[in-house]
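J.: If it helps, the file is called protein.cif and holds mmCIF, C-alpha atoms:
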```
data_upload
#
loop_
_atom_site.group_PDB
_atom_site.id
_atom_site.type_symbol
_atom_site.label_atom_id
_atom_site.label_comp_id
_atom_site.auth_asym_id
_atom_site.auth_seq_id
_atom_site.Cartn_x
_atom_site.Cartn_y
_atom_site.Cartn_z
ATOM 1 C CA MET A 1 92.396 -111.244 -23.034
ATOM 2 C CA ALA A 2 94.722 -113.615 -24.793
ATOM 3 C CA PHE A 3 93.981 -114.542 -28.331
ATOM 4 C CA PHE A 4 93.879 -118.174 -27.584
ATOM 5 C CA SER A 5 90.241 -118.513 -26.612
ATOM 6 C CA SER A 6 88.063 -120.900 -28.545
ATOM 7 C CA SER A 7 86.002 -119.437 -31.401
ATOM 8 C CA ILE A 8 87.224 -115.946 -31.448
ATOM 9 C CA LEU A 9 89.288 -113.193 -31.605
ATOM 10 C CA SER A 10 90.912 -114.057 -28.264
ATOM 11 C CA PHE A 11 90.466 -110.971 -29.600
ATOM 12 C CA SER A 12 92.788 -110.873 -27.426
ATOM 13 C CA THR A 13 93.911 -111.875 -30.090
ATOM 14 C CA LEU A 14 97.778 -111.777 -32.736
ATOM 15 C CA PHE A 15 101.032 -110.624 -32.468
ATOM 16 C CA LEU A 16 102.866 -109.437 -35.223
ATOM 17 C CA PHE A 17 105.943 -108.167 -36.859
ATOM 18 C CA MET A 18 106.718 -104.493 -36.851
ATOM 19 C CA LEU A 19 104.914 -102.294 -39.325
ATOM 20 C CA GLY A 20 106.740 -102.501 -42.678
ATOM 21 C CA MET A 21 107.095 -100.146 -45.581
ATOM 22 C CA ALA A 22 105.323 -102.732 -47.730
ATOM 23 C CA SER A 23 102.029 -101.662 -46.198
ATOM 24 C CA ALA A 24 102.199 -98.501 -48.280
ATOM 25 C CA GLN A 25 101.602 -100.654 -51.348
ATOM 26 C CA LEU A 26 98.187 -101.776 -50.144
ATOM 27 C CA SER A 27 95.154 -100.082 -51.645
ATOM 28 C CA SER A 28 91.435 -100.237 -50.894
ATOM 29 C CA ASN A 29 90.654 -100.430 -54.637
ATOM 30 C CA PHE A 30 93.312 -103.031 -55.471
ATOM 31 C CA TYR A 31 90.791 -105.356 -57.184
ATOM 32 C CA SER A 32 88.602 -102.685 -58.794
ATOM 33 C CA SER A 33 89.712 -103.716 -62.281
ATOM 34 C CA SER A 34 91.074 -107.247 -61.855
ATOM 35 C CA CYS A 35 88.146 -108.615 -59.814
ATOM 36 C CA PRO A 36 85.469 -105.960 -59.222
ATOM 37 C CA THR A 37 83.056 -108.420 -57.569
ATOM 38 C CA ALA A 38 85.598 -109.713 -55.038
ATOM 39 C CA LEU A 39 84.328 -107.779 -52.025
ATOM 40 C CA SER A 40 80.672 -108.567 -52.703
ATOM 41 C CA ILE A 41 81.460 -112.276 -53.075
ATOM 42 C CA ILE A 42 83.279 -112.343 -49.733
ATOM 43 C CA GLN A 43 80.571 -110.350 -47.978
ATOM 44 C CA GLY A 44 77.800 -112.551 -49.355
ATOM 45 C CA ALA A 45 79.519 -115.731 -48.216
ATOM 46 C CA VAL A 46 80.236 -114.343 -44.745
ATOM 47 C CA ASN A 47 76.675 -113.101 -44.283
ATOM 48 C CA THR A 48 75.303 -116.491 -45.297
ATOM 49 C CA VAL A 49 77.453 -118.555 -42.948
ATOM 50 C CA VAL A 50 77.135 -116.200 -39.960
ATOM 51 C CA SER A 51 73.364 -116.095 -40.403
ATOM 52 C CA LYS A 52 73.341 -119.879 -40.124
ATOM 53 C CA GLU A 53 75.945 -120.114 -37.352
ATOM 54 C CA ASN A 54 76.470 -116.938 -35.342
ATOM 55 C CA PRO A 55 79.727 -118.034 -33.604
ATOM 56 C CA MET A 56 81.434 -118.411 -36.971
ATOM 57 C CA GLY A 57 81.724 -114.634 -37.148
ATOM 58 C CA ALA A 58 83.958 -114.674 -34.090
ATOM 59 C CA SER A 59 85.937 -117.580 -35.511
ATOM 60 C CA LEU A 60 86.684 -115.720 -38.754
ATOM 61 C CA LEU A 61 87.775 -112.616 -36.862
ATOM 62 C CA ARG A 62 90.025 -114.739 -34.695
ATOM 63 C CA LEU A 63 91.569 -116.450 -37.725
ATOM 64 C CA HIS A 64 92.641 -113.033 -38.985
ATOM 65 C CA PHE A 65 94.112 -112.093 -35.598
ATOM 66 C CA HIS A 66 96.107 -115.294 -35.338
ATOM 67 C CA ASP A 67 97.280 -115.033 -38.932
ATOM 68 C CA CYS A 68 98.678 -111.544 -38.604
ATOM 69 C CA PHE A 69 102.295 -112.396 -38.138
ATOM 70 C CA GLY A 70 102.414 -110.640 -41.499
ATOM 71 C CA CYS A 71 98.806 -111.184 -42.541
ATOM 72 C CA ASP A 72 99.957 -113.663 -45.164
ATOM 73 C CA THR A 73 97.626 -116.620 -44.390
ATOM 74 C CA SER A 74 100.441 -118.828 -43.201
ATOM 75 C CA VAL A 75 97.902 -119.938 -40.577
ATOM 76 C CA LEU A 76 95.811 -121.584 -43.303
ATOM 77 C CA LEU A 77 98.562 -123.899 -44.577
ATOM 78 C CA ASP A 78 98.268 -127.593 -43.747
ATOM 79 C CA ASP A 79 101.353 -129.353 -42.381
ATOM 80 C CA THR A 80 103.562 -131.057 -44.937
ATOM 81 C CA ALA A 81 106.542 -133.393 -44.856
ATOM 82 C CA ASN A 82 108.805 -130.328 -45.103
ATOM 83 C CA PHE A 83 107.440 -128.183 -42.299
ATOM 84 C CA THR A 84 105.096 -128.087 -39.348
ATOM 85 C CA GLY A 85 102.818 -125.125 -39.799
ATOM 86 C CA GLU A 86 100.774 -122.920 -37.479
ATOM 87 C CA LYS A 87 97.543 -124.930 -37.430
ATOM 88 C CA THR A 88 98.915 -127.452 -34.959
ATOM 89 C CA ALA A 89 100.698 -124.937 -32.709
ATOM 90 C CA VAL A 90 99.365 -124.973 -29.141
ATOM 91 C CA PRO A 91 97.458 -121.662 -29.387
ATOM 92 C CA ASN A 92 95.702 -122.860 -32.563
ATOM 93 C CA ALA A 93 95.266 -126.639 -32.392
ATOM 94 C CA ASN A 94 91.709 -127.770 -31.645
ATOM 95 C CA SER A 95 90.824 -124.113 -31.315
ATOM 96 C CA LEU A 96 90.972 -122.160 -34.566
ATOM 97 C CA ARG A 97 88.215 -122.932 -37.030
ATOM 98 C CA GLY A 98 86.516 -121.485 -40.084
ATOM 99 C CA TYR A 99 89.021 -122.875 -42.572
ATOM 100 C CA GLU A 100 86.241 -124.404 -44.663
ATOM 101 C CA VAL A 101 84.524 -121.008 -44.956
ATOM 102 C CA ILE A 102 87.690 -119.511 -46.415
ATOM 103 C CA ASP A 103 87.944 -122.518 -48.758
ATOM 104 C CA THR A 104 84.414 -121.867 -50.016
ATOM 105 C CA ILE A 105 85.056 -118.188 -50.607
ATOM 106 C CA LYS A 106 88.328 -118.938 -52.383
ATOM 107 C CA SER A 107 86.579 -121.441 -54.649
ATOM 108 C CA GLN A 108 83.956 -118.855 -55.606
ATOM 109 C CA LEU A 109 86.604 -116.256 -56.347
ATOM 110 C CA GLU A 110 88.703 -118.650 -58.399
ATOM 111 C CA LYS A 111 85.678 -119.268 -60.623
ATOM 112 C CA GLN A 112 85.097 -115.547 -61.031
ATOM 113 C CA CYS A 113 88.692 -114.265 -61.139
ATOM 114 C CA PRO A 114 91.223 -117.113 -61.339
ATOM 115 C CA GLY A 115 94.562 -116.463 -59.668
ATOM 116 C CA VAL A 116 93.768 -112.897 -58.644
ATOM 117 C CA VAL A 117 92.512 -112.583 -55.047
ATOM 118 C CA SER A 118 94.865 -113.717 -52.294
ATOM 119 C CA CYS A 119 93.814 -115.829 -49.348
ATOM 120 C CA ALA A 120 95.331 -113.125 -47.113
ATOM 121 C CA ASP A 121 92.948 -110.502 -48.464
ATOM 122 C CA ILE A 122 90.012 -112.896 -48.196
ATOM 123 C CA LEU A 123 90.766 -113.387 -44.516
ATOM 124 C CA ALA A 124 91.168 -109.661 -43.827
ATOM 125 C CA VAL A 125 87.888 -108.784 -45.532
ATOM 126 C CA ALA A 126 86.016 -111.730 -43.997
ATOM 127 C CA ALA A 127 87.071 -110.547 -40.528
ATOM 128 C CA ARG A 128 85.702 -107.054 -41.209
ATOM 129 C CA ASP A 129 82.479 -108.402 -42.708
ATOM 130 C CA SER A 130 81.988 -110.716 -39.723
ATOM 131 C CA VAL A 131 82.168 -107.783 -37.307
ATOM 132 C CA VAL A 132 79.675 -105.824 -39.393
ATOM 133 C CA LYS A 133 77.293 -108.782 -39.650
ATOM 134 C CA LEU A 134 77.320 -109.107 -35.856
ATOM 135 C CA GLY A 135 76.359 -105.462 -35.412
ATOM 136 C CA GLY A 136 79.798 -103.922 -35.077
ATOM 137 C CA THR A 137 81.709 -101.184 -36.800
ATOM 138 C CA THR A 138 83.106 -101.180 -40.303
ATOM 139 C CA TRP A 139 86.425 -100.028 -41.719
ATOM 140 C CA THR A 140 88.111 -99.822 -45.095
ATOM 141 C CA VAL A 141 90.376 -102.820 -45.636
ATOM 142 C CA PRO A 142 93.572 -102.030 -47.588
ATOM 143 C CA LEU A 143 94.107 -104.787 -50.150
ATOM 144 C CA GLY A 144 96.950 -106.265 -52.156
ATOM 145 C CA ARG A 145 98.452 -108.760 -49.714
ATOM 146 C CA ARG A 146 100.013 -111.900 -51.102
ATOM 147 C CA ASP A 147 100.210 -115.360 -49.576
ATOM 148 C CA ALA A 148 103.176 -116.915 -47.821
ATOM 149 C CA ALA A 149 104.814 -120.027 -49.226
ATOM 150 C CA THR A 150 105.627 -121.443 -45.787
ATOM 151 C CA ALA A 151 104.541 -121.315 -42.146
ATOM 152 C CA SER A 152 106.179 -121.606 -38.746
ATOM 153 C CA SER A 153 104.761 -123.392 -35.729
ATOM 154 C CA ASP A 154 107.398 -121.696 -33.579
ATOM 155 C CA ASP A 155 106.191 -118.243 -34.616
ATOM 156 C CA ALA A 156 102.650 -119.045 -33.573
ATOM 157 C CA GLN A 157 103.851 -120.631 -30.353
ATOM 158 C CA ASN A 158 106.128 -117.779 -29.341
ATOM 159 C CA ASN A 159 104.183 -114.694 -30.380
ATOM 160 C CA LEU A 160 100.693 -115.270 -29.035
ATOM 161 C CA PRO A 161 100.293 -114.178 -25.393
ATOM 162 C CA SER A 162 98.864 -116.543 -22.827
ATOM 163 C CA PRO A 163 95.321 -116.226 -21.454
ATOM 164 C CA PHE A 164 97.034 -116.378 -18.053
ATOM 165 C CA SER A 165 99.200 -113.289 -18.704
ATOM 166 C CA ASP A 166 99.294 -110.347 -16.306
ATOM 167 C CA LEU A 167 99.000 -106.775 -17.570
ATOM 168 C CA SER A 168 102.753 -106.203 -17.779
ATOM 169 C CA ALA A 169 103.229 -109.282 -19.949
ATOM 170 C CA LEU A 170 100.353 -108.257 -22.209
ATOM 171 C CA LYS A 171 101.789 -104.781 -22.673
ATOM 172 C CA SER A 172 105.185 -106.239 -23.473
ATOM 173 C CA ALA A 173 103.801 -108.698 -26.012
ATOM 174 C CA PHE A 174 101.905 -106.007 -27.871
ATOM 175 C CA SER A 175 104.725 -103.491 -27.651
ATOM 176 C CA ASN A 176 107.103 -106.007 -29.215
ATOM 177 C CA LYS A 177 104.817 -106.076 -32.241
ATOM 178 C CA GLY A 178 104.398 -102.334 -32.565
ATOM 179 C CA PHE A 179 101.179 -101.797 -30.606
ATOM 180 C CA THR A 180 100.625 -99.249 -27.860
ATOM 181 C CA ALA A 181 98.892 -100.153 -24.609
ATOM 182 C CA PRO A 182 95.699 -98.333 -25.700
ATOM 183 C CA GLU A 183 95.698 -100.296 -28.968
ATOM 184 C CA MET A 184 96.073 -103.489 -26.942
ATOM 185 C CA VAL A 185 92.956 -102.614 -24.951
ATOM 186 C CA THR A 186 91.071 -101.722 -28.129
ATOM 187 C CA LEU A 187 91.934 -104.953 -29.928
ATOM 188 C CA SER A 188 91.076 -106.949 -26.821
ATOM 189 C CA GLY A 189 87.530 -105.754 -27.387
ATOM 190 C CA ALA A 190 87.315 -108.452 -30.053
ATOM 191 C CA HIS A 191 86.461 -110.665 -27.074
ATOM 192 C CA THR A 192 83.007 -109.174 -27.165
ATOM 193 C CA ILE A 193 82.121 -112.079 -29.457
ATOM 194 C CA GLY A 194 82.868 -115.773 -29.295
ATOM 195 C CA GLN A 195 83.421 -118.472 -26.712
ATOM 196 C CA VAL A 196 86.244 -119.900 -24.618
ATOM 197 C CA ARG A 197 87.059 -123.405 -23.396
ATOM 198 C CA CYS A 198 86.703 -124.378 -19.760
ATOM 199 C CA THR A 199 90.369 -125.299 -19.497
ATOM 200 C CA LEU A 200 91.329 -121.640 -20.040
ATOM 201 C CA ILE A 201 89.060 -120.208 -17.333
ATOM 202 C CA ARG A 202 89.092 -122.898 -14.650
ATOM 203 C CA THR A 203 91.876 -121.340 -12.589
ATOM 204 C CA ARG A 204 90.172 -117.951 -12.699
ATOM 205 C CA ILE A 205 86.706 -119.030 -11.668
ATOM 206 C CA TYR A 206 87.884 -121.387 -8.897
ATOM 207 C CA ASN A 207 90.925 -119.585 -7.486
ATOM 208 C CA GLU A 208 90.852 -115.861 -8.219
ATOM 209 C CA THR A 209 89.243 -113.214 -6.026
ATOM 210 C CA ASN A 210 88.807 -110.310 -8.469
ATOM 211 C CA ILE A 211 85.711 -111.935 -9.949
ATOM 212 C CA ASP A 212 82.038 -111.436 -9.177
ATOM 213 C CA SER A 213 81.090 -114.369 -6.936
ATOM 214 C CA ASN A 214 77.703 -114.984 -8.538
ATOM 215 C CA PHE A 215 79.296 -114.862 -11.969
ATOM 216 C CA ALA A 216 81.928 -117.412 -10.940
ATOM 217 C CA THR A 217 79.258 -119.698 -9.493
ATOM 218 C CA SER A 218 77.255 -119.585 -12.711
ATOM 219 C CA LEU A 219 80.313 -120.501 -14.774
ATOM 220 C CA LYS A 220 81.138 -123.493 -12.592
ATOM 221 C CA LYS A 221 77.929 -125.203 -13.723
ATOM 222 C CA ASN A 222 79.419 -125.623 -17.189
ATOM 223 C CA CYS A 223 83.078 -125.753 -16.153
ATOM 224 C CA PRO A 224 83.636 -128.308 -13.371
ATOM 225 C CA SER A 225 86.839 -128.385 -11.345
ATOM 226 C CA THR A 226 87.814 -131.548 -13.209
ATOM 227 C CA GLY A 227 86.671 -132.724 -16.623
ATOM 228 C CA GLY A 228 84.725 -130.823 -19.231
ATOM 229 C CA ASP A 229 87.850 -129.129 -20.555
ATOM 230 C CA SER A 230 86.268 -128.396 -23.939
ATOM 231 C CA ASN A 231 82.981 -127.046 -22.583
ATOM 232 C CA LEU A 232 82.405 -123.558 -23.947
ATOM 233 C CA SER A 233 81.355 -120.363 -22.187
ATOM 234 C CA PRO A 234 80.539 -117.015 -23.879
ATOM 235 C CA LEU A 235 83.291 -114.417 -23.698
ATOM 236 C CA ASP A 236 80.850 -111.745 -22.566
ATOM 237 C CA GLN A 237 77.187 -111.514 -21.655
ATOM 238 C CA THR A 238 76.133 -110.735 -25.251
ATOM 239 C CA ALA A 239 78.677 -112.867 -27.080
ATOM 240 C CA GLY A 240 76.545 -113.126 -30.225
ATOM 241 C CA ALA A 241 76.725 -109.383 -30.853
ATOM 242 C CA PHE A 242 79.676 -107.087 -31.434
ATOM 243 C CA ASP A 243 79.203 -104.334 -28.854
ATOM 244 C CA ASN A 244 80.906 -102.864 -25.774
ATOM 245 C CA THR A 245 79.539 -105.402 -23.270
ATOM 246 C CA TYR A 246 83.022 -106.895 -22.886
ATOM 247 C CA PHE A 247 84.186 -103.686 -21.237
ATOM 248 C CA LYS A 248 81.070 -103.381 -19.100
ATOM 249 C CA ASP A 249 81.745 -106.909 -17.872
ATOM 250 C CA LEU A 250 85.331 -106.036 -16.963
ATOM 251 C CA VAL A 251 84.145 -103.084 -14.870
ATOM 252 C CA ASN A 252 81.775 -105.471 -13.084
ATOM 253 C CA LYS A 253 84.530 -108.043 -12.464
ATOM 254 C CA LYS A 254 83.039 -110.418 -15.000
ATOM 255 C CA GLY A 255 86.039 -110.810 -17.276
ATOM 256 C CA LEU A 256 86.114 -114.435 -18.360
ATOM 257 C CA MET A 257 89.843 -115.071 -18.651
ATOM 258 C CA HIS A 258 92.581 -113.928 -16.299
ATOM 259 C CA SER A 259 94.156 -111.829 -19.038
ATOM 260 C CA ASP A 260 90.814 -110.146 -19.767
ATOM 261 C CA GLN A 261 90.283 -108.946 -16.202
ATOM 262 C CA GLN A 262 93.861 -107.692 -16.078
ATOM 263 C CA LEU A 263 92.722 -104.792 -18.255
ATOM 264 C CA PHE A 264 90.556 -103.582 -15.339
ATOM 265 C CA ASN A 265 92.294 -104.486 -12.130
ATOM 266 C CA GLY A 266 93.572 -101.263 -10.603
ATOM 267 C CA GLY A 267 96.150 -100.645 -13.315
ATOM 268 C CA SER A 268 96.958 -98.122 -16.016
ATOM 269 C CA THR A 269 94.339 -99.379 -18.490
ATOM 270 C CA ASP A 270 91.358 -99.014 -16.131
ATOM 271 C CA SER A 271 90.380 -95.566 -17.403
ATOM 272 C CA GLN A 272 90.229 -96.675 -21.030
ATOM 273 C CA VAL A 273 88.093 -99.682 -20.121
ATOM 274 C CA ASN A 274 85.774 -97.348 -18.209
ATOM 275 C CA THR A 275 85.483 -95.059 -21.213
ATOM 276 C CA TYR A 276 84.687 -97.908 -23.598
ATOM 277 C CA SER A 277 82.114 -99.334 -21.182
ATOM 278 C CA GLN A 278 80.227 -96.044 -21.416
ATOM 279 C CA LYS A 279 80.929 -94.972 -24.993
ATOM 280 C CA SER A 280 80.481 -97.709 -27.574
ATOM 281 C CA ALA A 281 81.009 -95.247 -30.443
ATOM 282 C CA LYS A 282 84.495 -94.484 -29.146
ATOM 283 C CA PHE A 283 85.321 -98.185 -28.965
ATOM 284 C CA PHE A 284 83.970 -98.800 -32.459
ATOM 285 C CA SER A 285 85.990 -95.962 -33.960
ATOM 286 C CA ASP A 286 89.206 -97.035 -32.268
ATOM 287 C CA PHE A 287 88.646 -100.689 -33.140
ATOM 288 C CA GLY A 288 88.392 -99.965 -36.856
ATOM 289 C CA SER A 289 91.604 -97.932 -36.792
ATOM 290 C CA SER A 290 93.458 -100.608 -34.841
ATOM 291 C CA MET A 291 92.293 -103.350 -37.206
ATOM 292 C CA ILE A 292 93.623 -101.372 -40.163
ATOM 293 C CA LYS A 293 96.989 -101.077 -38.427
ATOM 294 C CA MET A 294 97.017 -104.782 -37.638
ATOM 295 C CA GLY A 295 96.196 -105.684 -41.230
ATOM 296 C CA ASN A 296 99.057 -103.484 -42.433
ATOM 297 C CA LEU A 297 101.741 -105.189 -40.376
ATOM 298 C CA SER A 298 104.449 -106.377 -42.779
ATOM 299 C CA PRO A 299 102.283 -107.966 -45.479
ATOM 300 C CA LEU A 300 103.800 -109.646 -48.505
ATOM 301 C CA THR A 301 103.245 -107.403 -51.540
ATOM 302 C CA GLY A 302 104.513 -106.888 -55.053
ATOM 303 C CA SER A 303 106.483 -109.924 -56.206
ATOM 304 C CA LYS A 304 106.831 -111.435 -52.727
ATOM 305 C CA GLY A 305 104.858 -114.556 -51.908
ATOM 306 C CA GLU A 306 102.197 -115.877 -54.244
ATOM 307 C CA ILE A 307 98.464 -115.963 -54.923
ATOM 308 C CA ARG A 308 97.475 -119.433 -53.782
ATOM 309 C CA THR A 309 94.937 -121.387 -55.783
ATOM 310 C CA ASN A 310 94.094 -123.431 -52.698
ATOM 311 C CA CYS A 311 94.434 -121.625 -49.367
ATOM 312 C CA ARG A 312 95.515 -124.834 -47.607
ATOM 313 C CA LYS A 313 98.625 -125.424 -49.714
ATOM 314 C CA THR A 314 101.217 -123.581 -51.715
ATOM 315 C CA ASN A 315 101.046 -123.545 -55.491
#
```
Spit out the file's structure as structure tokens when you get a sec.
T.:
Amino acid sequence: MAFFSSSILSFSTLFLFMLGMASAQLSSNFYSSSCPTALSIIQGAVNTVVSKENPMGASLLRLHFHDCFGCDTSVLLDDTANFTGEKTAVPNANSLRGYEVIDTIKSQLEKQCPGVVSCADILAVAARDSVVKLGGTTWTVPLGRRDAATASSDDAQNNLPSPFSDLSALKSAFSNKGFTAPEMVTLSGAHTIGQVRCTLIRTRIYNETNIDSNFATSLKKNCPSTGGDSNLSPLDQTAGAFDNTYFKDLVNKKGLMHSDQQLFNGGSTDSQVNTYSQKSAKFFSDFGSSMIKMGNLSPLTGSKGEIRTNCRKTN
């Protein structure tokens, strides 16, 4: 379930500082006076791009997951002579995308409300709007985050769990960032959209036994034992729609990555996966709540950070 997969959420996707008191300063109507059209501008841009390229919805959701080491858009900063940022960290390099979509939205907002809407809030709202556009649930996004003035490759490298993690390692990684095991399972459901590179599933489909044999055979056609490392496979059987198919696939031993199938492999999270596979409304409700919690993890607010003019560089 690791949040490394290509074009998503790997959902799975993430891992964040403990919930801070600053989150109390966020408000759903933060821009009601200063930029009342902000949410409609973001939604319109997201709907347009996802209509043209369905996988971009998963990419925008995944950008938000990988950014939330404080939800301060440090992941959007380009490297400079003074620091190596998160874009080139192993979990993100040649994997995260959608930066140009955020650039476009930021440009539109700067024309409408110069210096008002943060890149961090754009990313949080774009993630929500992407899920909705792909048929998923909605939630109210608390707003008022500010943007970081620096980024850390080490943070990205050390905090994101591996797609080869076992259940105990996944639980530990999420627990370290303030998430319960049930919230880990819920957020992993972000892998119901998007794609993953062959290099991240090769060991599973060629060597593991807790996988449907016909499913493994079908994946090998696009993911040879050697070569084709960047070939993409859908994360679940309906990867263009946000639904509960991810959990149905896990029950049927069709989890794409090792870490995905760990959520249904005779362990303590099996019952929750079973429930979600049968009750999409329960998954949707829990997912919205967990996304709100993730977006509230130690954001920069008040006088901390800045409102970037260009999301790729500090002011």
J.: For a cutoff of 9 Å around the file-coordinate point (83.8, -109.1, -31.3), which residues qualify once you count all atoms listed in the file? I'd like the result as a list in words.
T.: Ile8, Leu9, Phe11, Gly57, Ala58, Leu61, Ser130, Val131, Leu134, Gly136, Ser188, Gly189, Ala190, His191, Thr192, Ile193, Gly194, Ala239, Gly240, Ala241, Phe242, Asp243, Asn244 and Tyr246 of chain A
J.: Between atom CA of A:Asp270 and atom CA of A:Ser162, what is the distance in Å, rounded to a tenth?
T.: 20.2 Å
J.: For atom CA of A:Val196 and atom CA of A:Met294, quote the distance in Å rounded to one decimal.
T.: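 Interatomic distance here is 22.7 Å.
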J.: Give me the residues near A:Leu232 as a PyMOL selection string, where near means some atom within 8 Å (using all atoms listed in the file) and where sequence neighbours in that chain fewer than 6 positions away do not count.
T.: chain A and resi 6+195-198+222
J.: Just give me the gap between atom CA of A:Thr137 and atom CA of A:Ala281 in Å, one decimal is fine.
T.: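 Straight-line distance from atom CA of A:Thr137 to atom CA of A:Ala281 works out to 8.7 Å.
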J.: Please determine, counting all atoms listed in the file, which residue among A:Asp166, A:Asp78, A:Glu110, A:Glu53 has the shortest atom-to-atom distance to A:Asn265.
T.: A:Asp166
J.: Quick one: apply the PyMOL selection byres ((chain A and resi 268) around 12) to the file and drop the selected residues here as a list in words.
T.: Leu167, Ser168, Lys171, Ala181, Pro182, Val185, Gln262, Leu263, Phe264, Asn265, Gly266, Gly267, Thr269, Asp270, Ser271, Gln272, Val273 and Asn274 of chain A
J.: Spell out the residues picked by the PyMOL selection byres ((chain A and resi 111-116) around 7) here, as a list in words.
T.: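 Listing what the PyMOL selection byres ((chain A and resi 111-116) around 7) selects in the shown file: Cys35, Ser107, Gln108, Leu109, Glu110, Val117, Ser118, Ile307 and Thr309 of chain A.
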J.: Could those residues be written to a file, using C-alpha atoms, as a PDB file, in the frame of the given file?
T.:
```
ATOM      1  CA  CYS A  35      88.146-108.615 -59.814  1.00  0.00           C
ATOM      2  CA  SER A 107      86.579-121.441 -54.649  1.00  0.00           C
ATOM      3  CA  GLN A 108      83.956-118.855 -55.606  1.00  0.00           C
ATOM      4  CA  LEU A 109      86.604-116.256 -56.347  1.00  0.00           C
ATOM      5  CA  GLU A 110      88.703-118.650 -58.399  1.00  0.00           C
ATOM      6  CA  VAL A 117      92.512-112.583 -55.047  1.00  0.00           C
ATOM      7  CA  SER A 118      94.865-113.717 -52.294  1.00  0.00           C
ATOM      8  CA  ILE A 307      98.464-115.963 -54.923  1.00  0.00           C
ATOM      9  CA  THR A 309      94.937-121.387 -55.783  1.00  0.00           C
TER      10      THR A 309
END
```
J.: For a quick check of understanding, using only C-alpha atoms, which of A:Met291, A:Thr140, A:Ile211, A:Ser225 has the smallest distance to A:Arg62?
T.: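 Comparing A:Met291, A:Thr140, A:Ile211, A:Ser225 against A:Arg62, the winner is A:Met291.
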